Amino acid sequence: MKKIVLLLAMVLVLGFSTICSAASNASILGNEEKSVDKFLSVLDKNNGAYEEIAANLTPGLQKKVDGAALQKLQSQIADKFGTLKEKKLVVLEKFDQGDRVTYLAGFSKTQVVKIIFAFDVKGEKPLINDFSFVPVELKKAE
């Protein structure tokens, strides 16, 4: 009888810890998605303010992407891909020091673009550490 009670207690403790871990991960992912949404909305504007996204970037990325670099990036995205139509989260990868979040997005000029964001999750909130936009060529079946 004692073994059954101990086994039941162990299963309940493990189940509760799994639920708490999932809630923590969901909170982190929610913050990451907010940062991505803000970043993409600033890129989609012709004159989005750098200050809107600076707080979501790591200090290293803030040095690389300043106001002038953001304007250049905005024009490159608009010229190459067009305006953002939709995006869908397709992959979340969790690592010890950060996360990598991958989206597939549709733009007005390019049908599918893979957007990857790397996040530093060591601090209070996840910060964008790196990003990339990669056009995806769709091959038609013959």
# chains A, B, ... in the order shown; residues from 1 in each chain; ligands from 1

$ residues_around --residues "Lys125 of chain A" --least-positions-apart "5" --cutoff "9 Å" --atoms "only C-alpha atoms" --output "PyMOL selection string"
chain A and resi 28+31-32+56+120

$ select_by_dssp --residues "segment 15-141 of chain A" --states "helix (DSSP H, G or I)" --output "JSON, numbers by chain"
{"A": [15, 16, 17, 18, 19, 20, 21, 22, 23, 24, 25, 26, 27, 28, 29, 30, 31, 32, 33, 34, 35, 36, 37, 38, 39, 40, 41, 42, 43, 44, 51, 52, 53, 54, 59, 60, 61, 62, 63, 64, 67, 68, 69, 70, 71, 72, 73, 74, 75, 76, 77, 78, 79, 80]}

$ residues_around --residues "Leu61 of chain A" --least-positions-apart "5" --cutoff "8 Å" --atoms "only C-alpha atoms" --output "list in words"
Ile128, Asn129 and Asp130 of chain A

$ write_last_selection --atoms "N, CA and C atoms" --output "short mmCIF file (atom, residue, chain, number, x, y, z; two decimals), in the first residue's frame"
data_model
loop_
_atom_site.label_atom_id
_atom_site.label_comp_id
_atom_site.auth_asym_id
_atom_site.auth_seq_id
_atom_site.Cartn_x
_atom_site.Cartn_y
_atom_site.Cartn_z
N ILE A 128 16.25 39.80 -29.10
CA ILE A 128 16.66 39.36 -30.43
C ILE A 128 18.17 39.52 -30.54
N ASN A 129 18.85 38.43 -30.84
CA ASN A 129 20.30 38.43 -30.96
C ASN A 129 20.76 38.43 -32.41
N ASP A 130 19.92 37.89 -33.30
CA ASP A 130 20.25 37.83 -34.72
C ASP A 130 18.98 37.52 -35.50
#

$ atom_distance --atom1 "atom CA of Phe133 of chain A" --atom2 "atom CA of Asp99 of chain A"
16.9 Å

$ atom_distance --atom1 "atom CA of Lys80 of chain A" --atom2 "atom CA of Ala118 of chain A"
22.1 Å

$ residues_around --residues "segment 109-115 of chain A" --least-positions-apart "6" --cutoff "9 Å" --atoms "only C-alpha atoms" --output "PyMOL selection string"
chain A and resi 78-83+87+101-103+131-138

$ write_last_selection --atoms "C-alpha atoms" --output "compact mmCIF listing (two decimals), in the first residue's frame"
# COMPACT_ATOMS: atom_id res chain seq x y z
CA ALA A 78 10.57 46.44 -49.52
CA ASP A 79 12.59 46.22 -52.75
CA LYS A 80 13.35 42.51 -52.58
CA PHE A 81 10.24 41.05 -50.90
CA GLY A 82 7.55 43.76 -50.91
CA THR A 83 5.10 44.18 -48.06
CA LYS A 87 3.55 34.91 -41.29
CA VAL A 101 12.26 30.82 -33.90
CA THR A 102 11.52 30.20 -37.59
CA TYR A 103 8.60 31.68 -39.50
CA PHE A 131 17.84 37.50 -37.64
CA SER A 132 17.80 36.49 -41.29
CA PHE A 133 15.41 36.62 -44.25
CA VAL A 134 15.83 33.82 -46.80
CA PRO A 135 13.64 33.53 -49.90
CA VAL A 136 12.32 30.02 -50.49
CA GLU A 137 12.01 28.84 -54.07
CA LEU A 138 9.04 26.63 -54.69

$ closest_residue --among "A:Lys140, A:Lys94, A:Lys122, A:Lys85" --to "Gly106 of chain A" --atoms "only C-alpha atoms"
A:Lys85

$ closest_residue --among "A:Leu89, A:Leu104, A:Ile116, A:Ile77" --to "Glu33 of chain A" --atoms "only C-alpha atoms"
A:Leu89

$ closest_residue --among "A:Ala55, A:Ala49, A:Gln76, A:Val121" --to "Phe95 of chain A" --atoms "only C-alpha atoms"
A:Val121

$ atom_distance --atom1 "atom CA of Asp96 of chain A" --atom2 "atom CA of Phe119 of chain A"
11.1 Å

$ closest_residue --among "A:Glu51, A:Glu86, A:Asp66, A:Asp44" --to "Phe107 of chain A" --atoms "only C-alpha atoms"
A:Glu86

$ select_by_dssp --residues "segment 12-141 of chain A" --states "strand (DSSP E)" --output "ChimeraX atom specification"
/A:84-94,98-107,113-120,127-135

$ write_last_selection --atoms "C-alpha atoms" --output "compact mmCIF listing (two decimals), in the first residue's frame"
# COMPACT_ATOMS: atom_id res chain seq x y z
CA LEU A 84 4.38 41.49 -45.48
CA LYS A 85 1.08 39.70 -46.10
CA GLU A 86 1.21 36.88 -43.52
CA LYS A 87 3.55 34.91 -41.29
CA LYS A 88 3.29 31.57 -39.56
CA LEU A 89 5.43 30.10 -36.82
CA VAL A 90 6.82 26.78 -38.06
CA VAL A 91 9.73 25.86 -35.77
CA LEU A 92 10.77 26.70 -32.22
CA GLU A 93 14.18 25.38 -31.17
CA LYS A 94 15.26 25.70 -27.54
CA GLY A 98 18.80 30.92 -26.35
CA ASP A 99 16.00 30.06 -28.71
CA ARG A 100 15.69 30.03 -32.48
CA VAL A 101 12.26 30.82 -33.90
CA THR A 102 11.52 30.20 -37.59
CA TYR A 103 8.60 31.68 -39.50
CA LEU A 104 7.38 31.21 -43.05
CA ALA A 105 6.08 34.50 -44.39
CA GLY A 106 4.32 35.64 -47.51
CA PHE A 107 5.22 38.99 -49.06
CA VAL A 113 10.32 33.78 -47.18
CA LYS A 114 11.89 31.94 -44.25
CA ILE A 115 12.50 34.39 -41.40
CA ILE A 116 14.72 33.18 -38.57
CA PHE A 117 15.16 34.99 -35.26
CA ALA A 118 17.75 33.98 -32.66
CA PHE A 119 16.91 35.03 -29.10
CA ASP A 120 19.12 35.44 -26.06
CA LEU A 127 16.11 39.69 -26.68
CA ILE A 128 16.66 39.36 -30.43
CA ASN A 129 20.30 38.43 -30.96
CA ASP A 130 20.25 37.83 -34.72
CA PHE A 131 17.84 37.50 -37.64
CA SER A 132 17.80 36.49 -41.29
CA PHE A 133 15.41 36.62 -44.25
CA VAL A 134 15.83 33.82 -46.80
CA PRO A 135 13.64 33.53 -49.90

$ closest_residue --among "A:Glu52, A:Leu43, A:Lys3, A:Pro59" --to "Lys72 of chain A" --atoms "only C-alpha atoms"
A:Leu43
